[in-house]
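Notes follow the structure.
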Amino acid sequence: MLPRALVIVLLTAIPATSAYAQTRPPRLASVFADLFGPNGLVVNSESVLPDGSTHSAHFNSAFQSNFTQFNIALASQLTSLPLPSPASGFTYRFDASTGTFVRSTQSFGPILTDRAETIGRGRFAFGFNFQHFSFDQLEGIDLTLVPSVFTHDDFQLGGGRADVVTTQNAIDVSVGQWTGALTYGLTDRLDVSLAVPIVHTSLNVISAATMRRVGTGTATTVHFFRDPDAPDGIGSERSFELGGSASGLGDLIVRVKGAVMREGPRGLAVGVDMRMPTGDERNLLGSGAFGVKPFLAYSGSYRRVSPHVNLGYQWNGSSVLAGDVETGAKDDLPDQLLYAFGADIGVTDKFSLTTDWLGRRAINSPRVRIEPFTATGTAGTSNFDDIAIFHESFWASSAAVGFKANLRGRLLVDFNLRFTIGTNGLTDRVTPLLGIEYGF
């Protein structure tokens with residue numbers, strides 16, 4: 001997952017009708033658990049237990065259980081955001097007839113994918129870019145309209161336990177990603193690269209809760225929300241909100257790429273990306289797990305057009321993001337099969353266009369869907385929308401278009417737009433990228 005940083009801020013004021021604020025800034029991966037935990041969305045009661053006490057907060061285990069799983073689905077998607085390629089826009093090959101290095105392609109290469117060409121022995125390339133992700137859907141569900149039903153402990157026993165709480169949740173999550181990359185040509189056929197992402201992540205949740213007295217009917221004092229504006233302090237609706245932001249170092253990527261075949265204008269390279277868990281996963285700045293991605297990159301150069309094809313497999317280790325952030329228990333993050341194909345076109349000697357289709361298959365990943373929930377009690381039967389978590393492999397795709405312009409010398413300016421295709425996974429309609437590259 002991604003870089004984020006120095007400031008963690010709680011959401012500000014809560015509407016007059018209802019509100020909740022933490023006494024401490026949340027860590028972003030714990031926002032859901034904190035919002036629906038014992039200090040958050042609490043249901044009160046004036047009914048008396050056998051020991052003479054009143055009971056409250058007995059809905060919390062359901063709150064936390066549902067949204068902890070939702071958090072896993074969200075976090076596992078955040079770890080799959082694409083990093084721009086650290087490969088250089090300027091690539092060279094050694095011409096034995098002249099004893100010098102010459103440009104191996106006219107175009108400046110792709111932005112989010114790779115080509116087979118290497119940078120050239122002893123050469124350096126530096127790149128710096130910014131991407132902004134503003135997510136709007138998860139599995140086709142509008143993140144501003146996520147329904148969830150929370151049940152009483154032992155709700156199946158009926159009676160007053162048949163009461164449920166329904167919530168309509170608005171989730172605002174965005175990621176700003178600054179990435180610096182340095183590439184060095186060890187030999188004419190072997191490059192090493194380091195990508196350093198700095199990330200800013202923002203996660204805010206507003207939950208509008210309603211008590212549905214399916215089991216207790218008109219007995220408003222059995223289950224209610226504290227409402228300071230009501231004459232008796234008893235309310236059936238209340239809003240709760242929590243969130244914050246964080247910035248810092250993301251997960252470092254170390255890459256080794258080597259050309260294994262060159263036949264005229266065609267080439268094949270093999271490489272491996274190693275992801276270091278340097279980002280703070282509890283603030284959604286990193287994955288919290290070591291990762292390895294071996295890949296193949298095939299490309300060719302035919303006059304001004306240079307097509308390319310990539311194929312890779314992302315293996316992920318264990319992280320608390322896939323386990324339990326609160327207890328520290330870890331589980332495996334979903335692995336991914338990745339492919340891409342596209343072409344870059346050298347329009348002029350100083351300007352090239354690039355286009356790509358990118359696809360990934362998440363292996364046995366947590367997913368979210370909306371299912372009907374039926375509550376039955378003495379006050380009748382009611383139906384509500386509810387989220388459900390299941391595990392399944394799925395394909396997700398996106399398309400990208402962009403350009404690279406050579407302003408002067410070996411300085412390039414990059415611009416790219418990535419468009420989500422379909423509704424699988426966590427989606428951002430359009431992701432802009434702006435960057436610079438310099439070869440020396």
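All residue names refer to the structure tokens as shown: chains lettered A, B, ... in order, residues numbered from 1 in each chain, ligands numbered from 1 in order.
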
Would you kindly return, as a ChimeraX atom specification, each protein, DNA or RNA residue with an atom no farther than 7 Å from any atom of Thr376 of chain A, considering only C-alpha atoms and excluding same-chain residues fewer than 4 positions away?
/A:162,214,380-382

Segment 205-207 of chain A: which residues within 10 Å, counting only C-alpha atoms, same-chain residues fewer than 6 positions away excluded, as a ChimeraX atom specification?
/A:11,14,19-20,31-32,35-36,41,143-148,166-173,238-244

Using backbone DSSP assignments, extract all strand (DSSP E or B) residues from segment 99-344 of chain A; output them as a PyMOL selection string.
chain A and resi 100-103+124-134+137-138+141-142+146-151+164-185+190-212+224-226+234-235+237-249+253-263+266-275+291-300+302+305-316+318-324+329-332+336-344

Selection file, C-alpha atoms, as a short mmCIF file (atom, residue, chain, number, x, y, z; two decimals), in the first residue's frame:
data_model
loop_
_atom_site.label_atom_id
_atom_site.label_comp_id
_atom_site.auth_asym_id
_atom_site.auth_seq_id
_atom_site.Cartn_x
_atom_site.Cartn_y
_atom_site.Cartn_z
CA THR A 100 29.72 4.41 -28.71
CA PHE A 101 26.26 4.13 -27.13
CA VAL A 102 23.32 5.00 -29.36
CA ARG A 103 19.60 5.46 -28.62
CA PHE A 124 21.78 6.74 -14.44
CA ALA A 125 18.18 7.81 -14.71
CA PHE A 126 16.10 9.63 -12.12
CA GLY A 127 12.32 9.97 -12.11
CA PHE A 128 9.86 11.70 -9.81
CA ASN A 129 6.07 11.63 -10.18
CA PHE A 130 2.80 12.20 -8.37
CA GLN A 131 -0.43 10.20 -8.57
CA HIS A 132 -3.73 10.95 -6.85
CA PHE A 133 -6.33 8.26 -6.15
CA SER A 134 -9.81 9.31 -5.03
CA GLN A 137 -16.67 2.49 -5.32
CA LEU A 138 -15.87 -0.89 -3.79
CA ILE A 141 -21.00 -0.17 -4.17
CA ASP A 142 -21.02 3.62 -3.88
CA VAL A 146 -22.70 1.63 2.23
CA PRO A 147 -25.52 -0.04 4.20
CA SER A 148 -24.97 -2.31 7.17
CA VAL A 149 -27.23 -4.02 9.71
CA PHE A 150 -25.96 -4.75 13.23
CA THR A 151 -27.70 -7.30 15.39
CA VAL A 164 -31.43 -4.24 15.04
CA VAL A 165 -29.46 -1.13 14.21
CA THR A 166 -29.27 -0.10 10.56
CA THR A 167 -26.57 2.26 9.38
CA GLN A 168 -25.93 4.20 6.20
CA ASN A 169 -22.20 4.80 5.93
CA ALA A 170 -20.25 7.31 3.87
CA ILE A 171 -16.58 6.36 3.41
CA ASP A 172 -14.19 8.94 1.99
CA VAL A 173 -10.77 7.48 1.15
CA SER A 174 -8.02 9.00 -0.99
CA VAL A 175 -4.32 8.48 -1.57
CA GLY A 176 -1.68 10.89 -2.83
CA GLN A 177 1.49 9.09 -3.93
CA TRP A 178 4.84 10.78 -4.63
CA THR A 179 7.43 8.38 -6.03
CA GLY A 180 11.12 8.94 -6.67
CA ALA A 181 12.99 6.30 -8.70
CA LEU A 182 16.69 5.86 -9.49
CA THR A 183 17.92 3.41 -12.12
CA TYR A 184 21.53 2.40 -12.85
CA GLY A 185 22.90 0.30 -15.69
CA LEU A 190 21.35 -5.41 -16.59
CA ASP A 191 19.65 -2.58 -14.67
CA VAL A 192 18.99 -2.08 -10.97
CA SER A 193 16.36 0.36 -9.68
CA LEU A 194 15.08 1.73 -6.42
CA ALA A 195 11.60 3.27 -6.09
CA VAL A 196 10.84 5.33 -2.97
CA PRO A 197 7.17 6.24 -2.51
CA ILE A 198 5.94 8.92 -0.11
CA VAL A 199 2.22 8.63 0.55
CA HIS A 200 -0.55 10.70 2.04
CA THR A 201 -3.67 8.71 2.95
CA SER A 202 -6.98 10.12 4.13
CA LEU A 203 -9.81 8.00 5.53
CA ASN A 204 -13.02 9.45 6.98
CA VAL A 205 -16.23 7.62 7.86
CA ILE A 206 -19.66 9.03 8.72
CA SER A 207 -22.27 6.55 9.95
CA ALA A 208 -25.96 7.47 10.30
CA ALA A 209 -27.49 4.89 12.67
CA THR A 210 -31.17 4.11 13.26
CA MET A 211 -32.59 1.85 15.96
CA ARG A 212 -35.15 -0.55 14.49
CA PHE A 224 -31.83 3.71 22.34
CA PHE A 225 -29.14 6.26 21.60
CA ARG A 226 -28.31 9.04 24.02
CA ILE A 234 -33.67 9.06 24.40
CA GLY A 235 -33.24 8.95 20.62
CA GLU A 237 -31.24 8.06 15.41
CA ARG A 238 -27.73 9.31 15.76
CA SER A 239 -24.73 10.04 13.56
CA PHE A 240 -21.17 9.10 14.35
CA GLU A 241 -18.02 10.04 12.50
CA LEU A 242 -14.33 9.39 12.73
CA GLY A 243 -11.32 9.64 10.48
CA GLY A 244 -7.96 11.18 9.90
CA SER A 245 -4.99 11.34 7.61
CA ALA A 246 -1.38 10.22 7.70
CA SER A 247 1.71 10.76 5.59
CA GLY A 248 5.09 9.09 5.40
CA LEU A 249 7.35 6.62 3.69
CA ILE A 253 10.68 -1.28 -4.25
CA VAL A 254 14.02 -2.75 -5.36
CA ARG A 255 14.13 -3.96 -8.95
CA VAL A 256 16.59 -5.98 -11.00
CA LYS A 257 15.90 -6.28 -14.75
CA GLY A 258 18.01 -8.02 -17.36
CA ALA A 259 17.70 -8.35 -21.13
CA VAL A 260 17.81 -12.04 -22.07
CA MET A 261 17.04 -11.75 -25.78
CA ARG A 262 17.68 -9.17 -28.47
CA GLU A 263 16.78 -9.93 -32.06
CA ARG A 266 12.62 -7.12 -30.62
CA GLY A 267 13.70 -7.89 -27.08
CA LEU A 268 12.76 -9.84 -23.97
CA ALA A 269 13.70 -8.97 -20.41
CA VAL A 270 13.13 -10.76 -17.12
CA GLY A 271 13.10 -9.03 -13.79
CA VAL A 272 11.99 -9.10 -10.20
CA ASP A 273 10.53 -6.42 -7.93
CA MET A 274 11.10 -6.84 -4.20
CA ARG A 275 8.78 -4.84 -1.95
CA GLY A 291 6.45 -8.98 -1.47
CA VAL A 292 8.15 -10.42 -4.56
CA LYS A 293 7.04 -9.91 -8.17
CA PRO A 294 8.92 -11.76 -10.92
CA PHE A 295 7.97 -10.44 -14.37
CA LEU A 296 8.59 -10.66 -18.11
CA ALA A 297 8.71 -7.66 -20.45
CA TYR A 298 8.61 -8.09 -24.22
CA SER A 299 8.85 -5.13 -26.58
CA GLY A 300 9.69 -4.21 -30.13
CA TYR A 302 8.92 -0.70 -35.65
CA VAL A 305 5.70 2.47 -32.91
CA SER A 306 7.01 0.37 -29.99
CA PRO A 307 4.55 -2.25 -28.69
CA HIS A 308 5.13 -3.97 -25.34
CA VAL A 309 3.67 -6.83 -23.29
CA ASN A 310 4.20 -7.50 -19.54
CA LEU A 311 3.36 -10.52 -17.41
CA GLY A 312 4.06 -10.88 -13.69
CA TYR A 313 2.98 -12.54 -10.46
CA GLN A 314 2.86 -10.61 -7.19
CA TRP A 315 3.50 -12.81 -4.15
CA ASN A 316 2.58 -11.21 -0.83
CA SER A 318 1.50 -11.87 5.89
CA SER A 319 0.24 -8.58 7.30
CA VAL A 320 -1.99 -7.36 10.13
CA LEU A 321 -4.07 -5.68 7.41
CA ALA A 322 -5.26 -9.13 6.36
CA GLY A 323 -5.50 -10.32 9.95
CA ASP A 324 -6.48 -8.29 12.99
CA ALA A 329 -2.53 -11.21 14.37
CA LYS A 330 -1.33 -11.58 10.78
CA ASP A 331 -2.73 -13.35 7.73
CA ASP A 332 -1.69 -13.61 4.08
CA GLN A 336 -2.03 -11.26 -7.76
CA LEU A 337 -1.43 -12.23 -11.37
CA LEU A 338 -0.70 -9.12 -13.45
CA TYR A 339 -0.55 -8.45 -17.18
CA ALA A 340 -0.34 -5.40 -19.40
CA PHE A 341 -0.02 -4.60 -23.07
CA GLY A 342 0.18 -1.41 -25.04
CA ALA A 343 2.37 0.72 -27.25
CA ASP A 344 4.26 3.98 -27.25
#

Hey, what does DSSP flag as helix (DSSP H, G or I) within segment 115-163 of chain A? Can you give it to me as a VMD selection string?
chain A and resid 155 to 157 159 to 162

Interatomic distance (Å, one decimal) between atom CA of Asp251 of chain A and atom CA of Gly359 of chain A
21.6 Å
